[in-house]
>>> print(open('data-v4.txt').read())   # compact mmCIF, C-alpha atoms (C1' of nucleotides)
# COMPACT_ATOMS: atom_id res chain seq x y z
CA MET I 13 -25.66 -15.38 -26.47
CA ALA I 14 -22.82 -13.04 -27.22
CA ARG I 15 -19.33 -12.10 -26.21
CA PRO I 16 -18.20 -13.99 -23.12
CA SER I 17 -16.99 -11.98 -20.17
CA HIS I 18 -13.31 -11.87 -19.31
CA ILE I 19 -13.86 -10.14 -16.03
CA ALA I 20 -12.12 -12.73 -13.87
CA GLU I 21 -8.99 -12.65 -16.00
CA LYS I 22 -8.92 -8.90 -16.11
CA ARG I 23 -9.23 -8.73 -12.35
CA LYS I 24 -6.33 -11.09 -12.04
CA ALA I 25 -4.27 -9.07 -14.48
CA LEU I 26 -4.86 -5.74 -12.78
CA LEU I 27 -4.63 -6.92 -9.19
CA PRO I 28 -0.83 -6.66 -8.91
CA ILE I 29 -0.98 -3.09 -10.16
CA VAL I 30 -3.77 -2.21 -7.78
CA ALA I 31 -1.90 -3.79 -4.89
CA ARG I 32 1.24 -1.86 -5.68
CA ALA I 33 -0.69 1.39 -5.78
CA PHE I 34 -2.16 0.77 -2.34
CA ALA I 35 1.27 -0.26 -1.06
CA ASP I 36 2.84 2.89 -2.45
CA LEU I 37 0.22 5.36 -1.35
CA GLY I 38 -1.90 3.91 1.44
CA TYR I 39 -5.66 3.68 1.27
CA ARG I 40 -6.90 7.26 1.16
CA ARG I 41 -4.25 8.67 -1.12
CA THR I 42 -4.83 5.90 -3.63
CA THR I 43 -7.59 7.58 -5.57
CA THR I 44 -9.67 5.72 -8.07
CA ALA I 45 -8.28 8.04 -10.73
CA GLU I 46 -4.75 7.03 -9.74
CA LEU I 47 -5.68 3.37 -9.86
CA ALA I 48 -7.21 3.74 -13.28
CA ALA I 49 -4.19 5.62 -14.61
CA ARG I 50 -1.78 3.00 -13.33
CA CYS I 51 -3.89 0.25 -14.83
CA GLY I 52 -4.14 2.08 -18.12
CA VAL I 53 -7.93 2.04 -18.12
CA GLN I 54 -10.76 4.38 -17.26
CA GLU I 55 -12.20 4.48 -13.79
CA ASN I 56 -15.53 2.95 -14.67
CA ILE I 57 -13.77 -0.17 -15.90
CA LEU I 58 -12.42 -0.72 -12.41
CA TYR I 59 -15.97 -0.32 -11.17
CA ARG I 60 -17.03 -3.15 -13.41
CA LEU I 61 -14.42 -5.41 -11.84
CA TRP I 62 -15.09 -4.46 -8.22
CA PRO I 63 -18.16 -2.85 -6.69
CA ASP I 64 -16.23 -0.06 -4.97
CA LYS I 65 -12.83 1.10 -3.87
CA LYS I 66 -13.01 -0.82 -0.64
CA ALA I 67 -13.43 -4.08 -2.54
CA MET I 68 -10.32 -3.23 -4.56
CA PHE I 69 -8.41 -2.75 -1.34
CA ILE I 70 -9.62 -5.99 0.17
CA ALA I 71 -8.72 -7.82 -3.02
CA ALA I 72 -5.24 -6.35 -2.68
CA ILE I 73 -4.96 -7.62 0.89
CA ASP I 74 -5.88 -11.12 -0.21
CA TYR I 75 -3.52 -10.89 -3.15
CA VAL I 76 -0.43 -10.14 -1.09
CA PHE I 77 -1.31 -12.91 1.32
CA ASP I 78 -1.74 -15.42 -1.47
CA LEU I 79 1.49 -14.30 -3.04
CA SER I 80 3.61 -14.74 0.06
CA MET I 81 1.96 -18.07 0.76
CA GLN I 82 2.91 -19.13 -2.74
CA VAL I 83 6.51 -18.07 -2.22
CA TRP I 84 6.68 -19.80 1.13
CA SER I 85 5.29 -23.09 -0.01
CA ARG I 86 7.74 -23.07 -2.88
CA GLN I 87 10.44 -22.57 -0.30
CA LEU I 88 9.13 -25.45 1.77
CA SER I 89 8.87 -27.78 -1.18
CA HIS I 90 12.64 -27.87 -1.56
CA VAL I 91 13.17 -31.05 0.36
CA GLU I 92 16.07 -30.72 2.74
CA GLU I 93 16.49 -32.86 5.80
CA ALA I 94 19.05 -30.81 7.67
CA ARG I 95 16.72 -27.93 8.52
CA SER I 96 13.13 -27.77 9.61
CA GLY I 97 10.62 -25.85 7.53
CA ALA I 98 10.61 -23.13 10.14
CA GLU I 99 14.34 -22.72 9.87
CA ARG I 100 14.25 -22.59 6.11
CA LEU I 101 11.53 -19.95 6.12
CA LEU I 102 13.45 -17.97 8.70
CA GLN I 103 16.55 -18.04 6.57
CA TYR I 104 14.60 -17.10 3.48
CA GLU I 105 12.91 -14.21 5.22
CA ALA I 106 16.20 -13.01 6.68
CA ARG I 107 17.29 -12.44 3.10
CA HIS I 108 14.15 -11.38 1.34
CA HIS I 109 11.84 -10.10 4.03
CA GLY I 110 9.45 -7.45 2.86
CA GLU I 111 11.36 -6.67 -0.27
CA HIS I 112 8.20 -5.95 -2.22
CA GLY I 113 6.87 -3.47 0.27
CA HIS I 114 3.55 -5.26 0.34
CA TYR I 115 3.29 -5.05 4.11
CA ARG I 116 2.55 -1.37 3.64
CA ILE I 117 -0.91 -2.47 2.57
CA VAL I 118 -1.30 -3.92 6.04
CA PHE I 119 -0.29 -0.66 7.67
CA ALA I 120 -2.76 1.14 5.47
CA GLY I 121 -5.47 -1.31 6.48
CA LEU I 122 -4.63 -0.93 10.16
CA SER I 123 -5.46 2.74 9.83
CA GLU I 124 -8.92 1.82 8.60
CA THR I 125 -9.77 -0.82 11.15
CA ASP I 126 -13.00 0.81 12.16
CA ASP I 127 -14.45 -0.29 8.87
CA PRO I 128 -15.84 -3.75 9.60
CA GLU I 129 -15.16 -5.17 6.15
CA ILE I 130 -11.54 -4.07 6.04
CA ARG I 131 -11.06 -5.17 9.62
CA GLY I 132 -12.54 -8.55 8.78
CA ALA I 133 -10.30 -9.03 5.79
CA LEU I 134 -7.22 -8.12 7.78
CA ALA I 135 -8.21 -10.32 10.70
CA GLY I 136 -8.77 -13.31 8.44
CA MET I 137 -5.47 -12.69 6.76
CA TYR I 138 -3.58 -12.48 10.04
CA ARG I 139 -5.37 -15.52 11.38
CA ARG I 140 -4.32 -17.65 8.45
CA PHE I 141 -0.85 -16.20 8.53
CA HIS I 142 -0.41 -16.96 12.21
CA GLN I 143 -1.87 -20.41 11.77
CA PHE I 144 0.72 -21.19 9.12
CA VAL I 145 3.65 -19.95 11.17
CA ARG I 146 2.36 -21.77 14.22
CA ALA I 147 2.20 -25.05 12.33
CA GLN I 148 5.80 -24.58 11.24
CA VAL I 149 6.90 -23.85 14.78
CA ALA I 150 5.06 -26.85 16.12
CA ALA I 151 6.62 -29.06 13.48
CA HIS I 152 10.02 -27.73 14.39
CA HIS I 153 9.31 -28.66 17.99
CA GLY I 154 8.46 -32.17 16.91
CA ASP I 155 4.73 -31.95 17.57
CA ARG I 156 3.29 -34.06 14.83
CA ASN I 157 -0.10 -32.58 14.19
CA SER I 158 -1.25 -33.39 17.69
CA ARG I 159 -2.86 -30.58 19.68
CA GLN I 160 -0.43 -27.80 19.14
CA SER I 161 1.01 -26.28 22.24
CA SER I 162 0.09 -22.76 23.21
CA ARG I 163 3.81 -22.09 23.41
CA ALA I 164 4.00 -22.64 19.69
CA ALA I 165 1.14 -20.22 19.22
CA MET I 166 2.89 -17.65 21.35
CA ALA I 167 6.19 -18.09 19.53
CA ALA I 168 4.35 -17.74 16.24
CA TRP I 169 2.88 -14.39 17.29
CA ALA I 170 6.29 -13.24 18.43
CA LEU I 171 7.74 -14.24 15.08
CA VAL I 172 5.05 -12.30 13.27
CA GLY I 173 5.96 -9.35 15.45
CA LEU I 174 9.57 -9.81 14.54
CA GLY I 175 8.71 -9.60 10.87
CA THR I 176 6.62 -6.52 11.47
CA VAL I 177 9.29 -4.62 13.33
CA ALA I 178 11.83 -5.63 10.72
CA ASN I 179 9.62 -4.02 8.13
CA ILE I 180 9.16 -0.89 10.17
CA GLY I 181 12.89 -0.69 10.74
CA ARG I 182 13.54 -1.03 7.05
CA GLU I 183 10.87 1.45 6.09
CA LEU I 184 12.16 4.12 8.45
CA GLY I 185 15.80 3.52 7.67
CA LEU I 186 16.57 2.34 11.20
CA LEU I 187 17.79 -1.12 10.24
CA ASN I 188 20.04 -1.73 7.29
CA ASP I 189 20.05 -5.02 5.44
CA ARG I 190 22.71 -6.57 7.61
CA HIS I 191 21.05 -5.68 10.88
CA ARG I 192 17.67 -6.73 9.68
CA ARG I 193 19.03 -10.03 8.54
CA ARG I 194 20.72 -10.69 11.84
CA LEU I 195 17.62 -9.66 13.72
CA ILE I 196 15.41 -12.10 11.90
CA GLU I 197 17.91 -14.93 11.94
CA ASP I 198 19.10 -14.62 15.52
CA ALA I 199 15.96 -13.53 17.31
CA GLY I 200 13.97 -15.90 15.15
CA GLN I 201 16.16 -18.86 16.01
CA LEU I 202 16.04 -17.84 19.64
CA LEU I 203 12.26 -17.76 19.68
CA LEU I 204 12.11 -21.04 17.86
CA GLU I 205 14.39 -22.87 20.25
CA ALA I 206 13.49 -21.27 23.54
CA SER I 207 9.80 -21.87 23.03
CA ALA I 208 10.29 -25.63 22.62
CA GLN I 209 9.04 -26.40 26.13
CA MET L 20 2.97 45.95 24.21
CA ALA L 21 -0.35 44.20 24.41
CA ARG L 22 -2.02 40.96 25.30
CA PRO L 23 0.50 38.14 25.80
CA SER L 24 0.08 35.02 23.70
CA HIS L 25 -1.18 31.82 25.23
CA ILE L 26 -0.41 29.79 22.16
CA ALA L 27 1.86 27.29 23.88
CA GLU L 28 -0.72 26.52 26.53
CA LYS L 29 -3.48 26.21 24.00
CA ARG L 30 -1.38 23.83 21.95
CA LYS L 31 -0.79 21.75 25.03
CA ALA L 32 -4.46 21.76 25.88
CA LEU L 33 -5.64 20.71 22.43
CA LEU L 34 -2.91 18.19 21.67
CA PRO L 35 -4.58 15.23 23.43
CA ILE L 36 -7.75 15.87 21.46
CA VAL L 37 -5.85 16.14 18.22
CA ALA L 38 -3.94 12.96 18.96
CA ARG L 39 -7.10 11.06 19.70
CA ALA L 40 -8.64 12.19 16.44
CA PHE L 41 -5.66 10.95 14.46
CA ALA L 42 -5.68 7.70 16.42
CA ASP L 43 -9.38 7.20 15.74
CA LEU L 44 -9.40 8.10 12.08
CA GLY L 45 -5.91 7.86 10.62
CA TYR L 46 -4.24 10.71 8.81
CA ARG L 47 -6.31 11.34 5.72
CA ARG L 48 -9.70 10.84 7.27
CA THR L 49 -8.87 13.26 10.03
CA THR L 50 -9.90 16.43 8.30
CA THR L 51 -9.08 19.81 9.67
CA ALA L 52 -12.80 20.39 10.02
CA GLU L 53 -13.08 17.28 12.18
CA LEU L 54 -10.16 18.39 14.30
CA ALA L 55 -11.68 21.81 14.80
CA ALA L 56 -15.04 20.35 15.73
CA ARG L 57 -13.52 17.99 18.28
CA CYS L 58 -11.49 20.82 19.75
CA GLY L 59 -14.51 23.08 19.87
CA VAL L 60 -12.84 25.80 17.86
CA GLN L 61 -12.77 26.99 14.27
CA GLU L 62 -10.27 25.65 11.81
CA ASN L 63 -8.23 28.79 11.50
CA ILE L 64 -7.47 28.67 15.21
CA LEU L 65 -5.72 25.36 14.68
CA TYR L 66 -3.78 27.00 11.90
CA ARG L 67 -2.57 29.61 14.32
CA LEU L 68 -1.22 26.89 16.57
CA TRP L 69 0.41 24.81 13.86
CA PRO L 70 1.46 25.81 10.35
CA ASP L 71 -0.42 22.98 8.65
CA LYS L 72 -2.14 19.67 9.15
CA LYS L 73 1.09 17.74 8.85
CA ALA L 74 2.54 19.65 11.80
CA MET L 75 -0.51 18.72 13.84
CA PHE L 76 0.09 15.08 13.03
CA ILE L 77 3.76 15.24 13.90
CA ALA L 78 2.91 16.96 17.16
CA ALA L 79 0.55 14.08 17.88
CA ILE L 80 3.31 11.55 17.24
CA ASP L 81 5.59 13.33 19.68
CA TYR L 82 2.81 13.63 22.17
CA VAL L 83 2.08 9.93 22.39
CA PHE L 84 5.77 9.19 22.71
CA ASP L 85 6.21 11.71 25.50
CA LEU L 86 3.15 10.35 27.24
CA SER L 87 4.28 6.75 27.28
CA MET L 88 7.76 7.82 28.33
CA GLN L 89 6.17 9.66 31.20
CA VAL L 90 4.15 6.63 32.22
CA TRP L 91 7.17 4.38 31.95
CA SER L 92 9.48 6.51 34.00
CA ARG L 93 6.83 6.74 36.65
CA GLN L 94 6.74 2.96 36.62
CA LEU L 95 10.52 2.80 36.92
CA SER L 96 10.65 5.27 39.76
CA HIS L 97 8.89 2.86 42.07
CA VAL L 98 12.01 1.48 43.64
CA GLU L 99 11.86 -2.26 43.91
CA GLU L 100 14.90 -4.46 44.21
CA ALA L 101 13.38 -7.80 43.35
CA ARG L 102 12.78 -7.05 39.67
CA SER L 103 14.81 -5.25 37.07
CA GLY L 104 13.36 -2.20 35.33
CA ALA L 105 12.87 -4.28 32.22
CA GLU L 106 10.81 -6.81 34.12
CA ARG L 107 8.69 -4.15 35.74
CA LEU L 108 7.97 -2.50 32.41
CA LEU L 109 7.16 -5.85 30.89
CA GLN L 110 4.71 -6.60 33.64
CA TYR L 111 3.15 -3.18 33.35
CA GLU L 112 2.78 -3.47 29.60
CA ALA L 113 1.32 -6.95 29.92
CA ARG L 114 -1.55 -5.34 31.79
CA HIS L 115 -1.95 -1.99 30.14
CA HIS L 116 -0.38 -2.32 26.73
CA GLY L 117 -1.90 -0.09 24.11
CA GLU L 118 -5.01 0.63 26.07
CA HIS L 119 -5.25 4.14 24.73
CA GLY L 120 -5.08 3.12 21.11
CA HIS L 121 -2.32 5.62 20.50
CA TYR L 122 -0.26 3.20 18.46
CA ARG L 123 -2.82 3.67 15.72
CA ILE L 124 -1.15 6.98 15.09
CA VAL L 125 1.96 5.04 14.26
CA PHE L 126 0.10 2.86 11.79
CA ALA L 127 -1.34 5.95 10.22
CA GLY L 128 2.13 7.45 9.96
CA LEU L 129 3.52 4.28 8.44
CA SER L 130 1.05 4.71 5.60
CA GLU L 131 2.52 8.12 4.89
CA THR L 132 6.18 7.22 5.04
CA ASP L 133 6.99 8.72 1.69
CA ASP L 134 6.56 12.13 3.21
CA PRO L 135 10.02 13.00 4.50
CA GLU L 136 8.85 15.04 7.48
CA ILE L 137 6.46 12.41 8.77
CA ARG L 138 8.99 9.70 8.11
CA GLY L 139 11.59 11.68 10.02
CA ALA L 140 9.30 12.19 12.99
CA LEU L 141 8.44 8.51 13.10
CA ALA L 142 12.03 7.43 12.71
CA GLY L 143 13.17 9.70 15.52
CA MET L 144 10.40 8.45 17.70
CA TYR L 145 11.26 4.80 17.06
CA ARG L 146 14.93 5.49 17.54
CA ARG L 147 14.38 6.99 20.97
CA PHE L 148 11.91 4.28 21.84
CA HIS L 149 14.30 1.52 20.90
CA GLN L 150 17.15 3.24 22.68
CA PHE L 151 15.13 3.31 25.87
CA VAL L 152 14.13 -0.34 25.69
CA ARG L 153 17.67 -1.32 24.83
CA ALA L 154 19.03 0.44 27.87
CA GLN L 155 16.58 -1.44 30.05
CA VAL L 156 17.54 -4.74 28.50
CA ALA L 157 21.23 -4.03 28.94
CA ALA L 158 20.67 -3.09 32.55
CA HIS L 159 18.76 -6.29 33.07
CA HIS L 160 21.73 -8.18 31.66
CA GLY L 161 23.98 -6.44 34.14
CA ASP L 162 25.83 -4.28 31.61
CA ARG L 163 26.40 -1.14 33.57
CA ASN L 164 26.50 1.59 30.97
CA SER L 165 29.49 0.06 29.26
CA ARG L 166 29.23 -0.46 25.52
CA GLN L 167 25.88 -2.10 25.15
CA SER L 168 25.90 -5.43 23.44
CA SER L 169 24.31 -5.82 20.05
CA ARG L 170 22.36 -8.68 21.55
CA ALA L 171 20.60 -6.18 23.77
CA ALA L 172 19.83 -4.05 20.72
CA MET L 173 18.43 -7.08 18.94
CA ALA L 174 16.33 -8.12 21.91
CA ALA L 175 15.05 -4.57 22.18
CA TRP L 176 13.87 -4.60 18.58
CA ALA L 177 12.22 -7.95 19.15
CA LEU L 178 10.44 -6.55 22.20
CA VAL L 179 9.22 -3.60 20.22
CA GLY L 180 7.93 -6.07 17.66
CA LEU L 181 6.20 -7.99 20.41
CA GLY L 182 4.38 -4.85 21.49
CA THR L 183 3.41 -4.10 17.93
CA VAL L 184 1.94 -7.50 17.22
CA ALA L 185 0.13 -7.42 20.55
CA ASN L 186 -1.50 -4.20 19.41
CA ILE L 187 -2.43 -5.63 16.05
CA GLY L 188 -3.84 -8.71 17.71
CA ARG L 189 -5.93 -6.58 20.01
CA GLU L 190 -7.10 -4.28 17.28
CA LEU L 191 -8.24 -7.11 15.05
CA GLY L 192 -9.80 -9.11 17.85
CA LEU L 193 -7.33 -11.97 17.42
CA LEU L 194 -5.91 -11.84 20.94
CA ASN L 195 -8.07 -11.35 23.96
CA ASP L 196 -6.76 -9.73 27.12
CA ARG L 197 -5.60 -12.97 28.64
CA HIS L 198 -3.68 -14.14 25.58
CA ARG L 199 -2.15 -10.76 25.01
CA ARG L 200 -1.00 -10.58 28.58
CA ARG L 201 0.57 -14.00 28.42
CA LEU L 202 2.20 -13.21 25.12
CA ILE L 203 3.89 -10.10 26.44
CA GLU L 204 4.87 -11.61 29.76
CA ASP L 205 6.11 -14.97 28.54
CA ALA L 206 7.67 -14.07 25.21
CA GLY L 207 9.03 -10.89 26.74
CA GLN L 208 10.68 -12.73 29.61
CA LEU L 209 12.01 -15.26 27.15
CA LEU L 210 13.60 -12.59 24.97
CA LEU L 211 15.01 -10.88 28.01
CA GLU L 212 16.66 -13.98 29.42
CA ALA L 213 17.73 -15.77 26.29
CA SER L 214 19.46 -12.72 24.89
CA ALA L 215 21.70 -12.38 27.97
CA GLN L 216 24.75 -13.79 26.20
C1' DT D 11 -7.23 55.94 27.19
C1' DC D 12 -5.31 54.14 23.20
C1' DA D 13 -2.50 51.61 20.17
C1' DT D 14 -1.45 46.92 19.62
C1' DT D 15 -2.15 42.35 19.32
C1' DA D 16 -4.52 37.97 20.59
C1' DT D 17 -8.84 35.57 20.03
C1' DG D 18 -13.08 34.36 17.70
C1' DT D 19 -16.72 33.98 13.81
C1' DA D 20 -18.13 33.41 9.26
C1' DT D 21 -17.43 32.51 4.81
C1' DG D 22 -14.79 31.57 0.47
C1' DC D 23 -12.40 28.72 -2.83
C1' DA D 24 -9.67 25.96 -6.03
C1' DG D 25 -8.76 21.52 -6.49
C1' DA D 26 -9.68 16.76 -5.24
C1' DT D 27 -12.60 12.54 -4.89
C1' DA D 28 -15.68 8.46 -5.27
C1' DC D 29 -18.73 7.11 -8.20
C1' DT D 30 -22.11 7.72 -12.37
C1' DT D 31 -24.09 8.45 -16.89
C1' DA D 32 -24.34 8.53 -21.75
C1' DC D 33 -22.68 6.79 -25.56
C1' DT D 34 -19.65 4.21 -29.16
C1' DT D 35 -17.34 0.14 -30.68
C1' DA D 36 -16.31 -4.60 -31.07
C1' DA D 37 -16.87 -9.62 -30.32
C1' DC D 38 -19.45 -13.66 -30.45
C1' DA D 39 -23.61 -17.14 -30.66
C1' DG D 40 -27.34 -18.46 -33.28
C1' DC V 11 -26.01 -11.39 -40.75
C1' DT V 12 -27.77 -9.83 -36.66
C1' DG V 13 -29.14 -9.24 -32.09
C1' DT V 14 -27.01 -9.14 -27.67
C1' DT V 15 -23.78 -7.99 -24.53
C1' DA V 16 -18.93 -6.90 -23.16
C1' DA V 17 -15.28 -3.45 -23.55
C1' DG V 18 -13.92 1.17 -24.07
C1' DT V 19 -14.24 6.57 -24.17
C1' DA V 20 -15.44 10.87 -22.35
C1' DA V 21 -17.46 13.79 -19.40
C1' DG V 22 -20.16 15.00 -15.33
C1' DT V 23 -21.70 15.57 -10.37
C1' DA V 24 -22.33 16.30 -5.61
C1' DT V 25 -19.56 16.55 -1.91
C1' DC V 26 -15.41 17.14 0.61
C1' DT V 27 -10.88 19.20 1.99
C1' DG V 28 -6.97 21.95 3.28
C1' DC V 29 -6.22 26.32 3.81
C1' DA V 30 -7.11 31.53 3.37
C1' DT V 31 -9.30 35.90 4.21
C1' DA V 32 -12.08 39.50 6.01
C1' DC V 33 -13.69 41.34 9.89
C1' DA V 34 -15.39 42.01 14.88
C1' DT V 35 -14.08 41.84 19.75
C1' DA V 36 -11.43 41.83 23.80
C1' DA V 37 -7.40 42.02 26.61
C1' DT V 38 -3.23 44.31 27.92
C1' DG V 39 0.93 47.45 28.44
C1' DA V 40 2.36 52.08 28.05
>>> encode(input="data-v4.txt", output="structure tokens")
Amino acid sequence: MARPSHIAEKRKALLPIVARAFADLGYRRTTTAELAARCGVQENILYRLWPDKKAMFIAAIDYVFDLSMQVWSRQLSHVEEARSGAERLLQYEARHHGEHGHYRIVFAGLSETDDPEIRGALAGMYRRFHQFVRAQVAAHHGDRNSRQSSRAAMAAWALVGLGTVANIGRELGLLNDRHRRRLIEDAGQLLLEASAQ
Amino acid sequence: MARPSHIAEKRKALLPIVARAFADLGYRRTTTAELAARCGVQENILYRLWPDKKAMFIAAIDYVFDLSMQVWSRQLSHVEEARSGAERLLQYEARHHGEHGHYRIVFAGLSETDDPEIRGALAGMYRRFHQFVRAQVAAHHGDRNSRQSSRAAMAAWALVGLGTVANIGRELGLLNDRHRRRLIEDAGQLLLEASAQ
DNA sequence: TCATTATGTATGCAGATACTTACTTAACAG
DNA sequence: CTGTTAAGTAAGTATCTGCATACATAATGA
């Protein structure tokens, strides 16, 4: 009939702003009024794009995951024989880890883990994240898609932990850029090598 | 004059309850009304013990740190020559890591890191925590109080990260007890050994 | 005993906060 | 042109929240 909906595009356009708000303020302090103001719209418009505030938050979680996946696969697509994908990602992260502050959304979510929907979104996100890292580790070890060793899985979790503590250290001013970089590079390499059976 | 104050004792008595509330609910959702109800007192009584809600939260942060320090030093006091302190702590954590859910207070705090007081409390807590782990790692490496190597510092951060990701994995149901235990034991041992120069 | 101070109860309040309602305006298909 | 529906504006509401106040009671030292 009349006037096609542009809801999907609008969602896509506002999502980065919404995600930044949640990253800046955490879940509770990010009020719907604040979100609307940052987006330059009225609150009810946000409620036409998402059913409630929780859905906006979950969309933000998915957004930051998709974004870092995008960045990482771009990094992997640069064909280079000298280093494995894992090594290239490690080097990239050593330089750019967490520079957008998006991980703060994860911390915010981890304070709301008794909500089953938020918990589910976070769990799925971590699962996919870990799966990706684990595949890179396994490839580095030379396992070609065969049943991946549980050592690779363990190393992948440890690497995720490394990234997390690097973020915490940055956030709290306990690790400067140089230290953080060395931490990720050295400990990362160590985990990568030492876990190779 | 008249009637001595028991404020310090009351604070001490209520602190575990306050800490649990923050761990269960995060910072914002833990209302002063909720705190009062859990403590079985009226709100204004809490405000006689601490100047404001933020102070209650910071007290909770310190409390969980003191508590785990207490547990750890008890673990270290069991004299045993076969294993280093680091190894004993690792083994203990592999079995009991995060079982009180207190680390959720940290996640809550990390969502409020733009508040300078909370950030300061968290940073101090992490600093002392890391310092402790680092000393254990250095001792394991045989460095007897001399200038501790930066490798020990790095390994200590990685170990803290390991604990963090183990907590996240537990919280989100991504790591069961068995996996979490193996992760801490194996990756922990690996970090301990491989970082020894 | 009495002045002083801790402890406890009840209630108040100004400003959020998530979400809604009522209504106007503008785009597009037929 | 026109009927339909999306996009936008403005204001409202019920409830919550951190914190304050007013007042009664009880313990204690002098």
>>> residues_near_point(input="data-v4.txt", point="(-21.6, 9.0, -19.1)", cutoff="10 Å", atoms="only C-alpha atoms (C1' of nucleotides)", output="ChimeraX atom specification")
/I:56 /D:30-33 /V:19-22
>>> closest_atom_pairs(input="data-v4.txt", of="chain I", to="chain D", cutoff="12 Å", atoms="only C-alpha atoms (C1' of nucleotides)", output="JSON lines")
{"residue": "I:Met13", "atom": "CA", "partner": "D:DA39", "partner_atom": "C1'", "distance": 5.0}
{"residue": "I:Ala14", "atom": "CA", "partner": "D:DC38", "partner_atom": "C1'", "distance": 4.7}
{"residue": "I:Arg15", "atom": "CA", "partner": "D:DC38", "partner_atom": "C1'", "distance": 4.5}
{"residue": "I:Pro16", "atom": "CA", "partner": "D:DC38", "partner_atom": "C1'", "distance": 7.4}
{"residue": "I:Ser17", "atom": "CA", "partner": "D:DA37", "partner_atom": "C1'", "distance": 10.4}
{"residue": "I:His18", "atom": "CA", "partner": "D:DA37", "partner_atom": "C1'", "distance": 11.8}
{"residue": "I:Arg40", "atom": "CA", "partner": "D:DT27", "partner_atom": "C1'", "distance": 9.8}
{"residue": "I:Arg41", "atom": "CA", "partner": "D:DT27", "partner_atom": "C1'", "distance": 9.9}
{"residue": "I:Thr42", "atom": "CA", "partner": "D:DT27", "partner_atom": "C1'", "distance": 10.3}
{"residue": "I:Thr43", "atom": "CA", "partner": "D:DT27", "partner_atom": "C1'", "distance": 7.1}
{"residue": "I:Thr44", "atom": "CA", "partner": "D:DA28", "partner_atom": "C1'", "distance": 7.2}
{"residue": "I:Ala45", "atom": "CA", "partner": "D:DT27", "partner_atom": "C1'", "distance": 8.5}
{"residue": "I:Glu46", "atom": "CA", "partner": "D:DT27", "partner_atom": "C1'", "distance": 10.7}
{"residue": "I:Glu55", "atom": "CA", "partner": "D:DC29", "partner_atom": "C1'", "distance": 9.0}
{"residue": "I:Asn56", "atom": "CA", "partner": "D:DC29", "partner_atom": "C1'", "distance": 8.3}
{"residue": "I:Ile57", "atom": "CA", "partner": "D:DC29", "partner_atom": "C1'", "distance": 11.7}
{"residue": "I:Leu58", "atom": "CA", "partner": "D:DC29", "partner_atom": "C1'", "distance": 10.9}
{"residue": "I:Tyr59", "atom": "CA", "partner": "D:DC29", "partner_atom": "C1'", "distance": 8.5}
{"residue": "I:Arg60", "atom": "CA", "partner": "D:DC29", "partner_atom": "C1'", "distance": 11.6}
{"residue": "I:Pro63", "atom": "CA", "partner": "D:DC29", "partner_atom": "C1'", "distance": 10.1}
{"residue": "I:Asp64", "atom": "CA", "partner": "D:DC29", "partner_atom": "C1'", "distance": 8.3}
{"residue": "I:Lys65", "atom": "CA", "partner": "D:DA28", "partner_atom": "C1'", "distance": 8.0}
{"residue": "I:Lys66", "atom": "CA", "partner": "D:DA28", "partner_atom": "C1'", "distance": 10.7}
>>> interface_residues(input="data-v4.txt", of="chain V", to="chain L", cutoff="8 Å", atoms="only C-alpha atoms (C1' of nucleotides)", output="ChimeraX atom specification")
/V:27-28,37-40
>>> closest_atom_pairs(input="data-v4.txt", of="chain I", to="chain L", cutoff="9 Å", atoms="all atoms listed in the file", output="CSV")
residue,atom,partner,partner_atom,distance
I:Ala35,CA,L:Ser130,CA,8.3
I:Asp36,CA,L:Asp133,CA,8.3
I:Leu37,CA,L:Ser130,CA,7.0
I:Gly38,CA,L:Ser130,CA,5.2
I:Tyr39,CA,L:Ser130,CA,8.1
I:Arg40,CA,L:Arg47,CA,6.1
I:Arg41,CA,L:Arg47,CA,7.6
I:Arg116,CA,L:Ser130,CA,6.6
I:Ile117,CA,L:Ser130,CA,8.0
I:Val118,CA,L:Ser130,CA,9.0
I:Phe119,CA,L:Phe126,CA,5.4
I:Ala120,CA,L:Ser130,CA,5.2
I:Gly121,CA,L:Phe126,CA,8.8
I:Leu122,CA,L:Phe126,CA,6.3
I:Ser123,CA,L:Gly45,CA,5.2
I:Glu124,CA,L:Gly45,CA,7.0
I:Thr125,CA,L:Glu190,CA,7.5
I:Asp126,CA,L:Leu44,CA,8.1
I:Arg131,CA,L:Leu191,CA,6.4
I:Gly132,CA,L:Leu191,CA,7.7
I:Leu134,CA,L:Leu191,CA,7.4
I:Ala135,CA,L:Leu191,CA,5.4
I:Tyr138,CA,L:Leu193,CA,8.3
I:Arg139,CA,L:Leu193,CA,7.3
I:Met166,CA,L:Leu202,CA,5.9
I:Ala167,CA,L:Ala206,CA,7.1
I:Trp169,CA,L:Val184,CA,7.0
I:Ala170,CA,L:Leu181,CA,5.6
I:Leu171,CA,L:Leu181,CA,8.4
I:Val172,CA,L:Val184,CA,7.0
I:Gly173,CA,L:Gly180,CA,4.4
I:Leu174,CA,L:Gly180,CA,5.1
I:Gly175,CA,L:Gly180,CA,7.7
I:Thr176,CA,L:Gly180,CA,6.3
I:Val177,CA,L:Gly180,CA,4.8
I:Ala178,CA,L:Gly180,CA,8.0
I:Ile180,CA,L:Leu129,CA,7.8
I:Gly181,CA,L:Ala142,CA,8.4
I:Glu183,CA,L:Thr132,CA,7.5
I:Leu184,CA,L:Ala142,CA,5.4
I:Gly185,CA,L:Ala142,CA,7.4
I:Leu186,CA,L:Ala142,CA,7.0
I:His191,CA,L:Met173,CA,8.6
I:Arg194,CA,L:Met173,CA,8.3
I:Leu195,CA,L:Met173,CA,5.9
I:Ile196,CA,L:Ala177,CA,8.9
I:Asp198,CA,L:Met173,CA,8.3
I:Ala199,CA,L:Ala177,CA,7.0
I:Leu202,CA,L:Ala213,CA,7.2
I:Leu203,CA,L:Leu210,CA,7.5
I:Ala206,CA,L:Leu209,CA,7.2
I:Ser207,CA,L:Leu209,CA,8.1
